[in-house]
>>> print(open('start_26.cif').read())   # mmCIF, C-alpha atoms and all ligand atoms
data_final
#
loop_
_atom_site.label_atom_id
_atom_site.label_comp_id
_atom_site.auth_asym_id
_atom_site.auth_seq_id
_atom_site.Cartn_x
_atom_site.Cartn_y
_atom_site.Cartn_z
CA MET J 178 28.23 -4.15 -0.98
CA ALA J 179 28.43 -0.38 -0.46
CA GLU J 180 25.47 1.16 1.34
CA LEU J 181 22.77 2.37 -1.05
CA ARG J 182 22.25 6.15 -1.04
CA GLY J 183 18.58 7.08 -1.04
CA ALA J 184 16.57 10.30 -0.98
CA LEU J 185 13.05 10.81 0.32
CA ILE J 186 10.65 13.14 -1.51
CA GLY J 187 7.61 14.22 0.54
CA CYS J 188 8.13 14.71 4.28
CA GLY J 189 4.48 14.52 5.37
CA PHE J 190 2.34 12.43 7.72
CA PHE J 191 3.35 8.96 6.54
CA ALA J 192 6.93 9.66 5.48
CA VAL J 193 7.99 9.73 9.13
CA ASN J 194 7.31 5.97 9.28
CA GLN J 195 9.40 5.45 6.16
CA MET J 196 12.28 7.47 7.68
CA HIS J 197 12.16 5.40 10.88
CA ALA J 198 12.12 2.21 8.80
CA TRP J 199 15.14 3.28 6.73
CA ARG J 200 17.10 3.68 9.98
CA ASP J 201 16.24 0.03 10.86
CA ILE J 202 17.45 -1.36 7.52
CA GLU J 203 21.02 -2.35 6.81
CA GLY J 204 22.44 -1.68 3.36
CA ALA J 205 20.67 1.62 2.68
CA SER J 206 20.35 5.07 4.18
CA ILE J 207 18.61 8.33 3.37
CA VAL J 208 21.21 10.97 2.52
CA ALA J 209 18.90 13.79 1.37
CA ILE J 210 15.27 14.83 1.69
CA CYS J 211 12.93 17.03 -0.32
CA ASP J 212 9.60 18.72 0.38
CA ARG J 213 8.11 21.76 -1.27
CA ASP J 214 6.90 22.80 2.20
CA PRO J 215 9.94 24.21 4.08
CA GLU J 216 8.29 23.56 7.44
CA ARG J 217 7.87 19.83 6.81
CA LEU J 218 11.42 19.74 5.43
CA LYS J 219 12.73 21.23 8.67
CA VAL J 220 10.66 18.99 10.96
CA VAL J 221 11.76 15.75 9.28
CA GLY J 222 15.33 16.94 8.60
CA ASP J 223 15.83 17.88 12.25
CA GLN J 224 14.12 14.74 13.58
CA PHE J 225 16.28 12.39 11.51
CA GLY J 226 19.47 14.46 11.33
CA ILE J 227 19.43 14.91 7.53
CA ALA J 228 21.41 18.02 6.55
CA ARG J 229 20.95 17.86 2.77
CA ARG J 230 17.52 19.36 2.12
CA TYR J 231 15.72 20.50 -1.05
CA VAL J 232 12.43 22.26 -1.69
CA ASP J 233 12.52 21.29 -5.35
CA ALA J 234 12.79 17.70 -6.64
CA ALA J 235 14.65 18.71 -9.82
CA ALA J 236 17.32 20.36 -7.64
CA LEU J 237 17.53 17.18 -5.55
CA PHE J 238 18.26 15.03 -8.62
CA ALA J 239 20.76 17.61 -9.92
CA GLY J 240 22.52 17.95 -6.57
CA GLU J 241 22.78 14.33 -5.39
CA SER J 242 24.22 11.08 -6.62
CA LEU J 243 21.49 8.58 -5.71
CA ASP J 244 20.96 4.81 -5.84
CA PHE J 245 17.20 5.22 -5.30
CA VAL J 246 14.47 7.69 -4.46
CA ASP J 247 11.54 7.07 -2.10
CA ILE J 248 8.50 9.11 -3.20
CA ALA J 249 6.10 9.68 -0.29
CA THR J 250 4.00 12.50 -1.71
CA THR J 251 0.27 12.23 -2.47
CA ALA J 252 -0.96 10.82 -5.79
CA PRO J 253 -1.17 13.96 -8.01
CA SER J 254 2.63 14.40 -7.91
CA HIS J 255 3.52 10.71 -8.42
CA ARG J 256 3.71 10.71 -12.22
CA PRO J 257 5.96 13.79 -12.62
CA LEU J 258 8.24 12.61 -9.82
CA VAL J 259 8.55 9.02 -11.09
CA GLU J 260 9.20 10.33 -14.60
CA MET J 261 11.86 12.66 -13.19
CA ALA J 262 13.50 9.70 -11.45
CA ALA J 263 13.44 7.74 -14.73
CA GLN J 264 15.00 10.67 -16.64
CA ASN J 265 17.78 10.75 -14.04
CA ARG J 266 18.20 6.94 -14.20
CA VAL J 267 17.34 6.61 -10.49
CA PRO J 268 15.31 3.56 -9.31
CA ALA J 269 12.13 4.67 -7.55
CA ILE J 270 9.71 3.60 -4.86
CA CYS J 271 6.33 5.31 -5.22
CA GLN J 272 3.67 5.42 -2.50
CA LYS J 273 0.19 4.10 -3.18
CA PRO J 274 -2.16 5.02 -4.80
CA PHE J 275 0.34 4.62 -7.64
CA ALA J 276 -1.38 7.31 -9.73
CA PRO J 277 -4.71 9.13 -10.04
CA SER J 278 -5.48 7.12 -13.21
CA LEU J 279 -4.46 3.83 -14.81
CA ALA J 280 -3.26 5.74 -17.90
CA ASP J 281 -0.80 7.71 -15.74
CA ALA J 282 0.37 4.52 -14.04
CA LYS J 283 0.99 2.79 -17.39
CA ALA J 284 3.06 5.79 -18.53
CA MET J 285 5.10 5.63 -15.31
CA VAL J 286 5.83 1.92 -15.79
CA LYS J 287 6.87 2.59 -19.39
CA ALA J 288 9.14 5.48 -18.41
CA CYS J 289 11.00 3.31 -15.90
CA THR J 290 11.16 0.30 -18.23
CA ASP J 291 12.53 2.46 -21.05
CA ALA J 292 15.11 3.97 -18.69
CA GLY J 293 16.04 0.53 -17.36
CA VAL J 294 15.37 1.48 -13.72
CA ALA J 295 13.46 -0.48 -11.07
CA LEU J 296 10.09 0.80 -9.89
CA MET J 297 8.23 -0.46 -6.80
CA VAL J 298 4.90 0.72 -5.45
CA HIS J 299 4.89 1.08 -1.65
CA GLU J 300 1.90 -1.30 -1.35
CA ASN J 301 2.76 -2.45 2.14
CA PHE J 302 -0.39 -4.12 3.51
CA ARG J 303 0.47 -7.50 1.98
CA TRP J 304 3.76 -7.25 3.94
CA GLN J 305 1.95 -7.15 7.32
CA SER J 306 3.03 -10.22 9.27
CA PRO J 307 -0.57 -11.48 9.85
CA ILE J 308 -1.20 -11.36 6.08
CA GLN J 309 2.12 -13.09 5.42
CA ALA J 310 1.04 -15.75 7.94
CA VAL J 311 -2.15 -16.38 5.92
CA ARG J 312 -0.09 -16.64 2.72
CA ALA J 313 2.20 -19.18 4.43
CA VAL J 314 -0.78 -21.38 5.36
CA LEU J 315 -2.00 -21.30 1.75
CA ASP J 316 1.51 -22.23 0.56
CA SER J 317 1.62 -25.16 3.00
CA GLY J 318 -1.33 -26.74 1.19
CA ASP J 319 -3.05 -27.48 4.51
CA ILE J 320 -6.46 -26.15 3.42
CA GLY J 321 -6.25 -27.47 -0.14
CA THR J 322 -7.42 -25.33 -3.05
CA PRO J 323 -9.08 -22.04 -2.02
CA PHE J 324 -12.55 -21.47 -3.48
CA PHE J 325 -13.78 -18.51 -1.38
CA GLY J 326 -12.20 -15.52 0.32
CA ARG J 327 -13.31 -12.50 2.29
CA ILE J 328 -10.96 -9.58 2.92
CA SER J 329 -12.60 -7.20 5.36
CA PHE J 330 -11.65 -3.83 6.85
CA ARG J 331 -14.42 -2.20 8.89
CA SER J 332 -13.73 0.68 11.25
CA ALA J 333 -14.87 4.09 12.49
CA TYR J 334 -11.34 5.36 13.18
CA ASP J 335 -10.85 9.08 12.50
CA VAL J 336 -8.36 8.97 9.64
CA PHE J 337 -9.19 12.55 8.66
CA SER J 338 -7.35 14.23 11.54
CA GLY J 339 -3.99 12.81 10.39
CA GLN J 340 -4.77 12.91 6.67
CA PRO J 341 -7.24 15.81 6.09
CA TYR J 342 -7.04 15.43 2.28
CA LEU J 343 -8.93 12.13 2.61
CA ALA J 344 -12.13 14.08 3.42
CA THR J 345 -12.00 16.25 0.32
CA GLY J 346 -11.54 13.97 -2.69
CA LYS J 347 -14.43 12.69 -4.83
CA ARG J 348 -12.92 9.24 -4.32
CA PHE J 349 -12.14 8.04 -0.83
CA ILE J 350 -12.23 4.56 0.63
CA ILE J 351 -11.62 2.39 -2.44
CA GLU J 352 -8.74 4.56 -3.65
CA ASP J 353 -7.11 5.02 -0.24
CA LEU J 354 -7.82 1.88 1.80
CA GLY J 355 -9.69 -0.53 -0.43
CA ILE J 356 -6.66 -0.47 -2.72
CA HIS J 357 -4.75 -2.30 0.04
CA SER J 358 -7.57 -4.85 0.52
CA LEU J 359 -7.82 -5.45 -3.23
CA ASP J 360 -4.07 -6.00 -3.36
CA ILE J 361 -4.32 -8.50 -0.47
CA ALA J 362 -7.07 -10.33 -2.38
CA ARG J 363 -4.74 -10.59 -5.39
CA PHE J 364 -1.85 -11.67 -3.15
CA LEU J 365 -3.90 -14.47 -1.57
CA LEU J 366 -6.18 -15.62 -4.40
CA GLY J 367 -4.52 -14.41 -7.59
CA ASP J 368 -5.59 -12.11 -10.40
CA VAL J 369 -9.17 -11.13 -11.02
CA SER J 370 -11.32 -11.40 -14.14
CA THR J 371 -14.51 -9.55 -13.04
CA ILE J 372 -15.50 -7.16 -10.24
CA THR J 373 -18.95 -5.98 -9.12
CA THR J 374 -19.11 -3.03 -6.71
CA ARG J 375 -21.54 -1.21 -4.43
CA THR J 376 -20.59 1.97 -2.51
CA ALA J 377 -22.17 4.36 -0.03
CA ARG J 378 -21.32 7.60 1.74
CA ILE J 379 -22.49 7.48 5.37
CA ASN J 380 -20.42 10.34 6.82
CA PRO J 381 -22.04 13.56 5.51
CA ASN J 382 -18.91 15.61 6.20
CA ILE J 383 -16.73 14.03 3.52
CA ALA J 384 -16.86 14.19 -0.27
CA GLY J 385 -16.19 10.57 -1.25
CA GLU J 386 -17.56 7.11 -0.50
CA ASP J 387 -16.73 5.65 2.91
CA VAL J 388 -18.25 2.19 2.39
CA ALA J 389 -17.55 -0.25 -0.43
CA THR J 390 -18.45 -3.89 -1.08
CA MET J 391 -16.81 -5.70 -3.99
CA LEU J 392 -17.50 -9.17 -5.35
CA MET J 393 -14.70 -10.63 -7.46
CA ASP J 394 -14.18 -13.62 -9.76
CA HIS J 395 -10.55 -14.73 -9.60
CA LYS J 396 -8.92 -16.37 -12.60
CA SER J 397 -8.19 -19.39 -10.36
CA GLY J 398 -11.95 -19.99 -10.12
CA ALA J 399 -12.18 -18.66 -6.54
CA THR J 400 -14.74 -16.02 -5.56
CA SER J 401 -13.96 -13.27 -3.07
CA VAL J 402 -15.72 -10.46 -1.26
CA VAL J 403 -13.66 -7.39 -0.38
CA ASP J 404 -15.52 -5.09 1.99
CA CYS J 405 -14.33 -1.90 3.61
CA SER J 406 -15.94 0.79 5.71
CA TYR J 407 -14.96 3.81 7.77
CA ALA J 408 -18.55 4.13 9.03
CA THR J 409 -18.66 0.99 11.17
CA LYS J 410 -18.87 1.67 14.92
CA LEU J 411 -17.88 -1.51 16.76
CA ALA J 412 -17.61 -2.33 20.46
CA THR J 413 -13.83 -2.57 20.03
CA GLU J 414 -12.25 -0.38 17.33
CA PRO J 415 -10.15 -2.72 15.17
CA PHE J 416 -8.22 -0.11 13.12
CA PRO J 417 -6.09 -0.89 11.14
CA GLN J 418 -6.64 -4.65 11.13
CA THR J 419 -7.57 -6.50 7.95
CA LEU J 420 -9.64 -9.62 8.66
CA VAL J 421 -9.43 -12.59 6.33
CA GLU J 422 -11.58 -15.66 5.72
CA ILE J 423 -10.53 -18.29 3.22
CA ASP J 424 -12.35 -21.54 2.54
CA GLY J 425 -10.45 -24.29 0.73
CA SER J 426 -11.22 -27.78 -0.49
CA ASP J 427 -9.63 -29.28 2.67
CA GLY J 428 -10.09 -26.61 5.32
CA THR J 429 -10.39 -22.97 6.32
CA ILE J 430 -8.36 -19.98 7.47
CA ARG J 431 -9.78 -17.29 9.75
CA LEU J 432 -7.74 -14.19 10.65
CA GLU J 433 -9.88 -12.51 13.28
CA HIS J 434 -9.74 -9.49 15.60
CA ASN J 435 -6.59 -9.12 17.67
CA TYR J 436 -4.56 -11.11 15.14
CA ARG J 437 -6.01 -14.49 16.09
CA LEU J 438 -5.35 -17.00 13.33
CA THR J 439 -7.38 -20.21 13.21
CA VAL J 440 -6.48 -22.84 10.64
CA THR J 441 -8.60 -25.92 10.17
CA GLY J 442 -6.93 -28.30 7.78
CA ARG J 443 -5.88 -31.82 7.07
CA ASN J 444 -4.15 -32.00 10.46
CA GLY J 445 -7.00 -30.63 12.59
CA THR J 446 -7.42 -27.12 14.02
CA ALA J 447 -4.61 -24.84 15.21
CA VAL J 448 -5.07 -21.42 16.80
CA SER J 449 -2.17 -18.97 16.97
CA ASP J 450 -1.45 -15.35 17.79
CA VAL J 451 0.06 -13.64 14.73
CA SER J 452 0.30 -10.17 16.30
CA PRO J 453 2.88 -7.93 14.65
CA PRO J 454 5.84 -6.92 16.80
CA LEU J 455 5.75 -3.45 18.37
CA LEU J 456 8.90 -1.85 16.97
CA PRO J 457 10.71 0.57 19.34
CA TRP J 458 9.60 3.62 17.36
CA ALA J 459 6.08 2.36 16.59
CA SER J 460 2.82 3.25 18.32
CA ARG J 461 -0.44 1.35 18.65
CA PRO J 462 -2.69 0.91 16.75
CA TRP J 463 -0.44 1.83 13.80
CA HIS J 464 2.27 -0.73 14.67
CA ASN J 465 0.80 -3.27 12.25
CA ILE J 466 1.26 -0.85 9.34
CA GLN J 467 4.57 0.46 10.66
CA GLU J 468 6.09 -3.02 10.78
CA SER J 469 5.05 -3.64 7.18
CA VAL J 470 6.88 -0.48 6.11
CA VAL J 471 10.15 -1.97 7.35
CA ALA J 472 9.36 -5.24 5.55
CA ILE J 473 8.61 -3.66 2.16
CA GLN J 474 11.59 -1.31 2.31
CA ARG J 475 13.88 -4.22 3.24
CA HIS J 476 12.44 -6.12 0.26
CA TRP J 477 13.35 -3.16 -2.00
CA VAL J 478 16.96 -3.19 -0.79
CA ASP J 479 17.14 -6.97 -1.36
CA CYS J 480 15.69 -6.57 -4.86
CA LEU J 481 18.19 -3.84 -5.79
CA ALA J 482 21.05 -5.93 -4.42
CA ASN J 483 19.95 -9.10 -6.22
CA LYS J 484 18.59 -7.36 -9.34
CA THR J 485 15.18 -9.02 -8.91
CA GLU J 486 11.74 -7.55 -9.54
CA PRO J 487 9.91 -6.32 -6.42
CA ALA J 488 6.72 -8.20 -5.54
CA THR J 489 4.76 -4.96 -5.86
CA SER J 490 6.62 -3.63 -8.89
CA GLY J 491 4.99 -0.90 -10.95
CA ALA J 492 3.96 -3.53 -13.51
CA ASP J 493 2.39 -5.71 -10.81
CA ASN J 494 0.58 -2.78 -9.24
CA LEU J 495 -1.16 -1.92 -12.53
CA ARG J 496 -3.37 -4.94 -11.76
CA THR J 497 -4.26 -3.60 -8.31
CA LEU J 498 -4.88 -0.09 -9.63
CA ALA J 499 -7.02 -1.55 -12.43
CA LEU J 500 -9.24 -3.07 -9.73
CA VAL J 501 -9.65 0.39 -8.18
CA GLU J 502 -10.59 1.89 -11.55
CA ALA J 503 -12.95 -0.98 -12.32
CA ALA J 504 -14.57 -0.69 -8.90
CA TYR J 505 -15.43 2.98 -9.48
CA VAL J 506 -16.73 2.26 -13.00
CA GLY J 507 -18.84 -0.60 -11.65
CA ALA J 508 -20.11 1.39 -8.67
CA ALA J 509 -21.37 4.07 -11.07
CA SER J 510 -22.98 1.68 -13.56
CA GLY J 511 -24.14 -1.04 -11.19
CA GLU J 512 -22.73 -3.56 -13.70
CA PRO J 513 -19.88 -6.09 -13.38
CA VAL J 514 -16.63 -4.86 -14.97
CA ARG J 515 -14.13 -7.10 -16.77
CA LEU J 516 -10.49 -6.41 -15.90
CA ASP J 517 -8.82 -7.60 -19.09
CA ALA J 518 -10.36 -4.73 -21.03
CA LEU J 519 -8.53 -2.22 -18.80
CA LEU J 520 -5.06 -3.77 -18.82
P1 LIG J 601 0.91 14.45 3.37
O1 LIG J 601 0.09 15.44 2.63
O2 LIG J 601 0.92 14.50 4.86
O3 LIG J 601 2.42 14.52 2.89
C1 LIG J 601 2.80 14.71 1.57
C2 LIG J 601 4.01 15.64 1.55
O4 LIG J 601 4.49 15.71 0.21
C3 LIG J 601 3.68 17.07 1.98
O5 LIG J 601 4.57 17.49 2.99
C4 LIG J 601 3.85 17.88 0.68
O6 LIG J 601 4.34 19.19 0.92
C5 LIG J 601 4.86 17.05 -0.07
N1 LIG J 601 4.81 17.20 -1.54
C6 LIG J 601 3.74 17.10 -2.35
N2 LIG J 601 4.09 17.26 -3.65
C7 LIG J 601 5.43 17.47 -3.65
C8 LIG J 601 6.39 17.69 -4.67
N3 LIG J 601 6.04 17.72 -5.97
N4 LIG J 601 7.68 17.86 -4.33
C9 LIG J 601 8.05 17.83 -3.02
N5 LIG J 601 7.18 17.62 -2.00
C10 LIG J 601 5.90 17.45 -2.30
O7 LIG J 601 0.43 13.02 2.85
P2 LIG J 601 0.58 11.61 3.60
O8 LIG J 601 -0.63 11.36 4.42
O9 LIG J 601 1.92 11.49 4.20
O10 LIG J 601 0.44 10.63 2.34
C11 LIG J 601 1.46 10.54 1.39
C12 LIG J 601 1.21 9.30 0.54
O11 LIG J 601 1.32 8.16 1.38
C13 LIG J 601 -0.19 9.23 -0.07
O12 LIG J 601 -0.11 8.75 -1.39
C14 LIG J 601 -0.95 8.28 0.84
O13 LIG J 601 -1.98 7.55 0.19
C15 LIG J 601 0.15 7.36 1.26
N6 LIG J 601 -0.07 6.66 2.54
C16 LIG J 601 0.27 5.37 2.56
C17 LIG J 601 0.09 4.64 3.71
C18 LIG J 601 0.47 3.19 3.68
O14 LIG J 601 0.26 2.45 4.64
N7 LIG J 601 1.06 2.72 2.60
C19 LIG J 601 -0.44 5.23 4.85
C20 LIG J 601 -0.74 6.59 4.79
C21 LIG J 601 -0.54 7.31 3.62
O1 LIG J 602 -2.87 2.98 4.59
C1 LIG J 602 -3.27 4.05 4.17
O2 LIG J 602 -3.13 4.29 3.01
C2 LIG J 602 -3.87 5.09 5.08
C3 LIG J 602 -4.97 4.65 6.00
C4 LIG J 602 -4.71 3.33 6.69
C5 LIG J 602 -5.26 5.70 7.03
O3 LIG J 602 -6.11 4.53 5.22
O4 LIG J 602 -4.29 6.17 4.30
#
>>> encode(input="start_26.cif", output="structure tokens")
Amino acid sequence: MAELRGALIGCGFFAVNQMHAWRDIEGASIVAICDRDPERLKVVGDQFGIARRYVDAAALFAGESLDFVDIATTAPSHRPLVEMAAQNRVPAICQKPFAPSLADAKAMVKACTDAGVALMVHENFRWQSPIQAVRAVLDSGDIGTPFFGRISFRSAYDVFSGQPYLATGKRFIIEDLGIHSLDIARFLLGDVSTITTRTARINPNIAGEDVATMLMDHKSGATSVVDCSYATKLATEPFPQTLVEIDGSDGTIRLEHNYRLTVTGRNGTAVSDVSPPLLPWASRPWHNIQESVVAIQRHWVDCLANKTEPATSGADNLRTLALVEAAYVGAASGEPVRLDALL
């Protein structure tokens, strides 16, 4: 098959990981880049040797013949850019959060469906190898039927120096980080019927909430707790590790600090190290996330080649984004929120 020709829109903080990952993936390459900030365009263009550069996305679509576009801008621009991709019949990857509102996200899914083009949300945390290892244990049946889960991300890492916009929005941790944890909960335990949420802002220098605790009823009958915090000062800073506990009818799974996986099941207890590999271009502690970027982008190339729907398609991600919306509604009201009413 001929190599897929892709373009990247948004050459900011995180896009550099995506550019590195594209270089690692066979079957696709980035032939053009776009950023409305000429400085970022130059930095990324020079670093990755991309000569074809645009400051305007419409000019990019007009000037290039593309097999896909990788949108790595922040949420406010996602809807217009995805709709532009749909109008130009170009399959699109869109970074998380998919959109600022569920209504926008539904419109984006419709635009791509109507245009007959694939749409994947870059929801990469479920692609981290430790999370995939937990999924594999569930699939093996070793712990039986899961009835409880805890997905936990607690840290005091300074995310604001790399991503200053995170300090300024009215919404912070659920929309930016909790969205990953909620998606992992769906990935491991299935879709959710009801969510109850409590939030707090501990850091006085930011606008949004930096602590959230969510209790969820899954349609499978399992219960989960998703908790996240950027105000948790620990002896050893675990950023950006997601810890997982799952209890099943026949055993348990514990994914603990430093990627230690303990499975107690029908065949006894096994402890293993599920650390992600440190890719040549990656840097600790981000290597866990960086590896998952390669995995999700490789999945996209496979899906385009095989004409299959990506695991985190736009349609799938509506269910993760609905959890974000429901969490904010429930945090404000103090009441449980039913998901079906939103979808
Ligand atoms: P950033 O602000 O550093 O970069 C965004 C870039 O997009 C900027 O250079 C900006 O000039 C450009 N841009 C914005 N609107 C544009 C438009 N209409 N046309 C062309 N260029 C435009 O942001 P970031 O920290 O790199 O985050 C980008 C996205 O990635 C966010 O949605 C964020 O939540 C997400 N993110 C995801 C992960 C992950 O693990 N999946 C990690 C970090 C950030
Ligand atoms: O993954 C993310 O979306 C990032 C970070 C891990 C820093 O929260 O914004």
>>> closest_residue(input="start_26.cif", among="J:Ala263, J:Arg256, J:Ala235, J:Met297", to="Leu481 (chain J)", atoms="all atoms listed in the file")
J:Met297
>>> residues_near_point(input="start_26.cif", point="(-7.1, -4.0, -10.9)", cutoff="10 Å", atoms="all atoms listed in the file", output="JSON, numbers by chain")
{"J": [279, 356, 359, 360, 363, 368, 369, 370, 371, 372, 493, 494, 495, 496, 497, 498, 499, 500, 501, 502, 503, 504, 515, 516, 517, 519, 520]}
>>> closest_residue(input="start_26.cif", among="J:Pro253, J:Gly187, J:Pro513, J:Gly367", to="Asp233 (chain J)", atoms="all atoms listed in the file")
J:Gly187
>>> residues_around(input="start_26.cif", residues="Pro257 (chain J)", least_positions_apart="5", cutoff="10 Å", atoms="all atoms listed in the file", output="list in words")
Ala234, Ala262, Ala263, Asp281 and Met285 of chain J
>>> closest_atom_pairs(input="start_26.cif", of="chain J", to="ligand LIG 601 (chain J)", cutoff="9 Å", atoms="only C-alpha atoms and all ligand atoms", output="tab-separated table")
residue	atom	partner	partner_atom	distance
J:Ile186	CA	J:LIG601	C9	5.6
J:Gly187	CA	J:LIG601	O4	3.5
J:Cys188	CA	J:LIG601	O5	4.7
J:Gly189	CA	J:LIG601	O3	3.2
J:Phe190	CA	J:LIG601	O9	3.7
J:Phe191	CA	J:LIG601	O9	3.7
J:Ala192	CA	J:LIG601	O9	5.5
J:Val193	CA	J:LIG601	O9	8.0
J:Asn194	CA	J:LIG601	C19	9.0
J:Cys211	CA	J:LIG601	C9	5.6
J:Asp212	CA	J:LIG601	N5	3.6
J:Arg213	CA	J:LIG601	C9	4.3
J:Asp214	CA	J:LIG601	O6	4.6
J:Pro215	CA	J:LIG601	O6	8.2
J:Glu216	CA	J:LIG601	O5	8.4
J:Arg217	CA	J:LIG601	O5	5.6
J:Leu218	CA	J:LIG601	O5	7.6
J:Tyr231	CA	J:LIG601	C9	8.4
J:Val232	CA	J:LIG601	C9	6.4
J:Asp233	CA	J:LIG601	N4	6.0
J:Ala234	CA	J:LIG601	N4	5.6
J:Ala235	CA	J:LIG601	N4	8.9
J:Ile248	CA	J:LIG601	C12	8.2
J:Ala249	CA	J:LIG601	C12	5.0
J:Thr250	CA	J:LIG601	O4	3.8
J:Thr251	CA	J:LIG601	O12	3.7
J:Ala252	CA	J:LIG601	O12	4.9
J:Pro253	CA	J:LIG601	N2	7.6
J:Ser254	CA	J:LIG601	N3	5.1
J:His255	CA	J:LIG601	N3	7.8
J:Pro257	CA	J:LIG601	N3	7.7
J:Leu258	CA	J:LIG601	N3	6.8
J:Cys271	CA	J:LIG601	O12	8.2
J:Gln272	CA	J:LIG601	O12	5.2
J:Lys273	CA	J:LIG601	O12	5.0
J:Pro274	CA	J:LIG601	O12	5.5
J:Phe275	CA	J:LIG601	O12	7.5
J:Ala276	CA	J:LIG601	O12	8.6
J:His299	CA	J:LIG601	N7	6.0
J:Glu300	CA	J:LIG601	N7	5.7
J:Asn301	CA	J:LIG601	N7	5.5
J:Phe302	CA	J:LIG601	O14	6.7
J:Gly339	CA	J:LIG601	O8	7.0
J:Gln340	CA	J:LIG601	O8	5.0
J:Pro341	CA	J:LIG601	O1	8.1
J:Tyr342	CA	J:LIG601	O1	7.1
J:Leu343	CA	J:LIG601	O8	8.5
J:Glu352	CA	J:LIG601	O13	8.3
J:Asp353	CA	J:LIG601	O13	5.7
J:Leu354	CA	J:LIG601	O13	8.3
J:His357	CA	J:LIG601	N7	8.1
J:Ile466	CA	J:LIG601	O14	5.8
J:Gln467	CA	J:LIG601	O14	7.7
J:Ser469	CA	J:LIG601	O14	8.2
J:Val470	CA	J:LIG601	O14	7.4
>>> atom_distance(input="start_26.cif", atom1="CA of Arg378 (chain J)", atom2="CA of Ala408 (chain J)")
8.5 Å
>>> closest_residue(input="start_26.cif", among="J:Phe349, J:Phe330, J:Phe325, J:Trp304", to="Pro277 (chain J)", atoms="all atoms listed in the file")
J:Phe349
>>> residues_near_point(input="start_26.cif", point="(-3.8, 1.2, 20.1)", cutoff="12 Å", atoms="all atoms listed in the file", output="list in words")
Tyr334, Thr413, Glu414, Pro415, Phe416, Pro417, Gln418, Asn435, Leu455, Ala459, Ser460, Arg461, Pro462, Trp463, His464 and Asn465 of chain J
>>> closest_residue(input="start_26.cif", among="J:Asp427, J:Glu241, J:Asp394, J:Asp335", to="ligand LIG 602 (chain J)", atoms="all atoms listed in the file")
J:Asp335
>>> residues_around(input="start_26.cif", residues="Ala344 (chain J)", least_positions_apart="2", cutoff="10 Å", atoms="all atoms listed in the file", output="ChimeraX atom specification")
/J:336-338,340-342,346-350,380,382-387
>>> closest_residue(input="start_26.cif", among="J:Ala280, J:Cys405, J:Leu315, J:Leu185", to="ligand LIG 602 (chain J)", atoms="only C-alpha atoms and all ligand atoms")
J:Cys405
